[in-house]
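> Would you mind keeping the following structure in view while I ask a few things?
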Amino acid sequence: MTVAATGAPPARLIHRGYLGWALAAIAGMVAVIRIGNFWLLDFVHVFSSLLWTGIDLFMGFVLGPILRRTDISVRREVARRLTPRTLFLMPTISIIAGTTGWFLAVDLGYTALDWPAYGWMAAALVLVTLMTVQGLGLLTPVNVLICLELQKNEPDFHKISVWMGRYFYAVAIQGAMQLAIIVVMTRFRAGI
């Protein structure tokens, strides 16, 4: 780890392979929606939602607290290796989970429910919208800023530390919203 932290060339921020996989996943989602197979749409929604929720919870409640207490050189190496992977992964799975969830809600008639049952649908929409906006508007840009700073020969570790602190608190909030969406989805599954 010490050798990697001091002498390794900077990791590339954008890997064409990651971008390719992200585009392929979006294309797959579009194909599944166009095919109109309910089971396949449900599978893609559940799988992408599990990925999104699992990664958010792991990052917010496991990795975040650990990294806040580690040496800055360890944080640097983790961020250098994690950011290029999550840069495309997290936005892609959040888009797929939310989009397929909407199409499922329409297919199941949840968008046409009367109040108060529609309140569960509204809660799901609010939570998914907040998580997506926070992910695309805050977490992804901070990821990019940290990775770009780490590309420099003399990165500003104080700046990175401040960003990482805010980032992991935001991820913890994202994790709390993920727990809330699990409650809402469980209610849908149990019947409204």
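So you can find residues: chains in the structure tokens are A, B, ... in the order shown, residues in each start at 1, and ligands are numbered from 1 in order.
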Would you give me, as a tab-separated table, each residue of range 83-187 of chain A having an atom within 9 Å of an atom of range 33-44 of chain A, along with its shortest atom pair and that distance in Å to one decimal, using only C-alpha atoms and sorting by chain and residue number?

residue	atom	partner	partner_atom	distance
A:Ile96	CA	A:Val44	CA	7.9
A:Ala97	CA	A:Val44	CA	7.6
A:Thr100	CA	A:Leu41	CA	6.5
A:Gly101	CA	A:Asp42	CA	8.1
A:Phe103	CA	A:Ile33	CA	7.6
A:Leu104	CA	A:Asp42	CA	6.9
A:Asp107	CA	A:Phe38	CA	8.1
> Run DSSP on the backbone and grab whatever in range 2-181 of chain A lands in alpha helix (DSSP H); send it over as a PyMOL selection string.
chain A and resi 2-7+16-35+38-58+64-68+72-108+118-134+140-151+157-181
> Return the single residue from A:Leu113, A:Leu87, A:Ala123, A:Met59 that is closest to Met185 in chain A, with distances computed using only C-alpha atoms.
A:Ala123
> In Å to one decimal, how far is CA of Pro91 in chain A from CA of Lys159 in chain A?
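Spanning CA of Lys159 in chain A to CA of Pro91 in chain A is a straight-line distance of 24.2 Å.
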> Find the residues near Phe58 in chain A: any atom within 12 Å, counting only C-alpha atoms, skip ones fewer than 6 places away on the same chain, and give them as a PDB file with all heavy atoms, in the first residue's frame.

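The resulting result-v7.pdb:
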ATOM      1  N   LEU A  50     -31.390  -3.501  -5.818  1.00  0.00           N
ATOM      2  CA  LEU A  50     -30.548  -4.176  -4.828  1.00  0.00           C
ATOM      3  C   LEU A  50     -29.104  -3.668  -4.906  1.00  0.00           C
ATOM      4  O   LEU A  50     -28.470  -3.427  -3.880  1.00  0.00           O
ATOM      5  CB  LEU A  50     -30.571  -5.685  -5.035  1.00  0.00           C
ATOM      6  CG  LEU A  50     -31.824  -6.410  -4.562  1.00  0.00           C
ATOM      7  CD1 LEU A  50     -31.797  -7.868  -5.020  1.00  0.00           C
ATOM      8  CD2 LEU A  50     -31.962  -6.333  -3.060  1.00  0.00           C
ATOM      9  N   LEU A  51     -28.595  -3.519  -6.130  1.00  0.00           N
ATOM     10  CA  LEU A  51     -27.245  -2.987  -6.287  1.00  0.00           C
ATOM     11  C   LEU A  51     -27.145  -1.580  -5.713  1.00  0.00           C
ATOM     12  O   LEU A  51     -26.225  -1.270  -4.955  1.00  0.00           O
ATOM     13  CB  LEU A  51     -26.849  -2.959  -7.768  1.00  0.00           C
ATOM     14  CG  LEU A  51     -26.406  -4.265  -8.391  1.00  0.00           C
ATOM     15  CD1 LEU A  51     -26.191  -4.078  -9.897  1.00  0.00           C
ATOM     16  CD2 LEU A  51     -25.141  -4.782  -7.747  1.00  0.00           C
ATOM     17  N   TRP A  52     -28.081  -0.721  -6.089  1.00  0.00           N
ATOM     18  CA  TRP A  52     -28.059   0.672  -5.647  1.00  0.00           C
ATOM     19  C   TRP A  52     -28.136   0.743  -4.123  1.00  0.00           C
ATOM     20  O   TRP A  52     -27.329   1.397  -3.475  1.00  0.00           O
ATOM     21  CB  TRP A  52     -29.217   1.417  -6.294  1.00  0.00           C
ATOM     22  CG  TRP A  52     -29.242   2.899  -6.104  1.00  0.00           C
ATOM     23  CD1 TRP A  52     -28.228   3.704  -5.659  1.00  0.00           C
ATOM     24  CD2 TRP A  52     -30.337   3.771  -6.370  1.00  0.00           C
ATOM     25  NE1 TRP A  52     -28.635   5.016  -5.639  1.00  0.00           N
ATOM     26  CE2 TRP A  52     -29.925   5.084  -6.076  1.00  0.00           C
ATOM     27  CE3 TRP A  52     -31.627   3.569  -6.836  1.00  0.00           C
ATOM     28  CZ2 TRP A  52     -30.763   6.187  -6.222  1.00  0.00           C
ATOM     29  CZ3 TRP A  52     -32.455   4.667  -6.990  1.00  0.00           C
ATOM     30  CH2 TRP A  52     -32.022   5.963  -6.689  1.00  0.00           C
ATOM     31  N   GLY A  64     -17.549   4.325   4.804  1.00  0.00           N
ATOM     32  CA  GLY A  64     -17.416   5.717   5.231  1.00  0.00           C
ATOM     33  C   GLY A  64     -16.836   5.881   6.617  1.00  0.00           C
ATOM     34  O   GLY A  64     -15.821   6.568   6.795  1.00  0.00           O
ATOM     35  N   PRO A  65     -17.430   5.254   7.634  1.00  0.00           N
ATOM     36  CA  PRO A  65     -16.864   5.378   8.983  1.00  0.00           C
ATOM     37  C   PRO A  65     -15.437   4.834   9.097  1.00  0.00           C
ATOM     38  O   PRO A  65     -14.629   5.370   9.848  1.00  0.00           O
ATOM     39  CB  PRO A  65     -17.832   4.553   9.849  1.00  0.00           C
ATOM     40  CG  PRO A  65     -19.119   4.590   9.099  1.00  0.00           C
ATOM     41  CD  PRO A  65     -18.734   4.579   7.650  1.00  0.00           C
ATOM     42  N   ILE A  66     -15.125   3.801   8.350  1.00  0.00           N
ATOM     43  CA  ILE A  66     -13.759   3.256   8.383  1.00  0.00           C
ATOM     44  C   ILE A  66     -12.783   4.261   7.787  1.00  0.00           C
ATOM     45  O   ILE A  66     -11.734   4.557   8.368  1.00  0.00           O
ATOM     46  CB  ILE A  66     -13.686   1.908   7.637  1.00  0.00           C
ATOM     47  CG1 ILE A  66     -14.449   0.837   8.411  1.00  0.00           C
ATOM     48  CG2 ILE A  66     -12.230   1.484   7.411  1.00  0.00           C
ATOM     49  CD1 ILE A  66     -14.651  -0.450   7.644  1.00  0.00           C
ATOM     50  N   PHE A 168     -19.067  11.440   2.694  1.00  0.00           N
ATOM     51  CA  PHE A 168     -19.522  10.275   3.438  1.00  0.00           C
ATOM     52  C   PHE A 168     -20.749  10.573   4.291  1.00  0.00           C
ATOM     53  O   PHE A 168     -21.570   9.686   4.519  1.00  0.00           O
ATOM     54  CB  PHE A 168     -18.379   9.663   4.243  1.00  0.00           C
ATOM     55  CG  PHE A 168     -17.420   8.905   3.363  1.00  0.00           C
ATOM     56  CD1 PHE A 168     -16.111   9.318   3.221  1.00  0.00           C
ATOM     57  CD2 PHE A 168     -17.855   7.802   2.646  1.00  0.00           C
ATOM     58  CE1 PHE A 168     -15.249   8.631   2.380  1.00  0.00           C
ATOM     59  CE2 PHE A 168     -16.993   7.116   1.808  1.00  0.00           C
ATOM     60  CZ  PHE A 168     -15.685   7.519   1.681  1.00  0.00           C
ATOM     61  N   VAL A 171     -23.473  10.300   1.769  1.00  0.00           N
ATOM     62  CA  VAL A 171     -23.735   8.891   1.476  1.00  0.00           C
ATOM     63  C   VAL A 171     -24.532   8.259   2.620  1.00  0.00           C
ATOM     64  O   VAL A 171     -25.411   7.428   2.383  1.00  0.00           O
ATOM     65  CB  VAL A 171     -22.415   8.129   1.201  1.00  0.00           C
ATOM     66  CG1 VAL A 171     -22.644   6.638   1.125  1.00  0.00           C
ATOM     67  CG2 VAL A 171     -21.781   8.618  -0.094  1.00  0.00           C
ATOM     68  N   ALA A 172     -24.264   8.672   3.852  1.00  0.00           N
ATOM     69  CA  ALA A 172     -25.044   8.158   4.983  1.00  0.00           C
ATOM     70  C   ALA A 172     -26.509   8.599   4.876  1.00  0.00           C
ATOM     71  O   ALA A 172     -27.425   7.813   5.153  1.00  0.00           O
ATOM     72  CB  ALA A 172     -24.439   8.631   6.302  1.00  0.00           C
ATOM     73  N   GLN A 174     -27.972   9.249   2.064  1.00  0.00           N
ATOM     74  CA  GLN A 174     -28.465   8.429   0.955  1.00  0.00           C
ATOM     75  C   GLN A 174     -28.850   7.040   1.477  1.00  0.00           C
ATOM     76  O   GLN A 174     -29.885   6.490   1.104  1.00  0.00           O
ATOM     77  CB  GLN A 174     -27.368   8.319  -0.115  1.00  0.00           C
ATOM     78  CG  GLN A 174     -27.790   7.636  -1.377  1.00  0.00           C
ATOM     79  CD  GLN A 174     -28.302   8.582  -2.428  1.00  0.00           C
ATOM     80  OE1 GLN A 174     -28.670   9.708  -2.153  1.00  0.00           O
ATOM     81  NE2 GLN A 174     -28.352   8.120  -3.646  1.00  0.00           N
ATOM     82  N   GLY A 175     -28.039   6.478   2.357  1.00  0.00           N
ATOM     83  CA  GLY A 175     -28.335   5.174   2.939  1.00  0.00           C
ATOM     84  C   GLY A 175     -29.613   5.186   3.755  1.00  0.00           C
ATOM     85  O   GLY A 175     -30.406   4.237   3.713  1.00  0.00           O
ATOM     86  N   ALA A 176     -29.831   6.260   4.515  1.00  0.00           N
ATOM     87  CA  ALA A 176     -31.067   6.386   5.294  1.00  0.00           C
ATOM     88  C   ALA A 176     -32.282   6.447   4.368  1.00  0.00           C
ATOM     89  O   ALA A 176     -33.324   5.836   4.645  1.00  0.00           O
ATOM     90  CB  ALA A 176     -31.008   7.618   6.189  1.00  0.00           C
ATOM     91  N   GLN A 178     -32.374   5.099   1.462  1.00  0.00           N
ATOM     92  CA  GLN A 178     -32.508   3.747   0.916  1.00  0.00           C
ATOM     93  C   GLN A 178     -33.301   2.861   1.878  1.00  0.00           C
ATOM     94  O   GLN A 178     -34.129   2.056   1.450  1.00  0.00           O
ATOM     95  CB  GLN A 178     -31.125   3.132   0.648  1.00  0.00           C
ATOM     96  CG  GLN A 178     -30.386   3.734  -0.525  1.00  0.00           C
ATOM     97  CD  GLN A 178     -30.967   3.312  -1.867  1.00  0.00           C
ATOM     98  OE1 GLN A 178     -32.003   2.663  -1.966  1.00  0.00           O
ATOM     99  NE2 GLN A 178     -30.281   3.704  -2.926  1.00  0.00           N
TER     100      GLN A 178
END
> Which one is closest to Leu145 in chain A: A:Thr70, A:Ser161, A:Ser94, A:Thr129? Count only C-alpha atoms.
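Between A:Thr70, A:Ser161, A:Ser94, A:Thr129, the residue approaching Leu145 in chain A most closely is A:Ser161.
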> Using Å and a single decimal, report how far CA of Ile93 in chain A sits from CA of Ser49 in chain A.
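These atoms are spaced 7.3 Å apart.
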> Within 12 Å of Thr111 in chain A, counting only C-alpha atoms, which residues show up once you throw out same-chain ones fewer than 2 positions away? Write them as a list in words, please.
Gly101, Trp102, Phe103, Leu104, Ala105, Val106, Asp107, Leu108, Gly109, Leu113, Asp114, Trp115, Ala117, Tyr118, Gly119, Trp120, Met121, Ala122, Ala123, Ala124 and Leu125 of chain A
> Go through A:Pro155, A:Pro84, A:Gly54, A:Gly165 one by one, measure the shortest atom-to-atom distance of each to Leu19 in chain A using only C-alpha atoms, and give the residue with the smallest value.
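Among the listed residues, the smallest separation from Leu19 in chain A belongs to A:Pro84.
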> Considering only C-alpha atoms, can you say which of A:Ile146, A:Leu139, A:Val133, A:Val32 comes closest to His158 in chain A?
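When distances to His158 in chain A are compared using only C-alpha atoms, the smallest one comes from A:Ile146.
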> With only C-alpha atoms as the atoms that count, which of A:Ile173, A:Ala27, A:Leu148, A:Ile95 lies nearest to His45 in chain A?
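Closest candidate: A:Ile95.
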> Distance CA of Val144 in chain A-CA of Thr86 in chain A, one decimal place?
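Distance reported for this atom pair: 10.0 Å.
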> When you count only C-alpha atoms, which of these residues is closest to Leu63 in chain A: A:Val126, A:Ile182, A:Met164, A:Ala25?
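So, comparing all the options, the nearest one is A:Met164.
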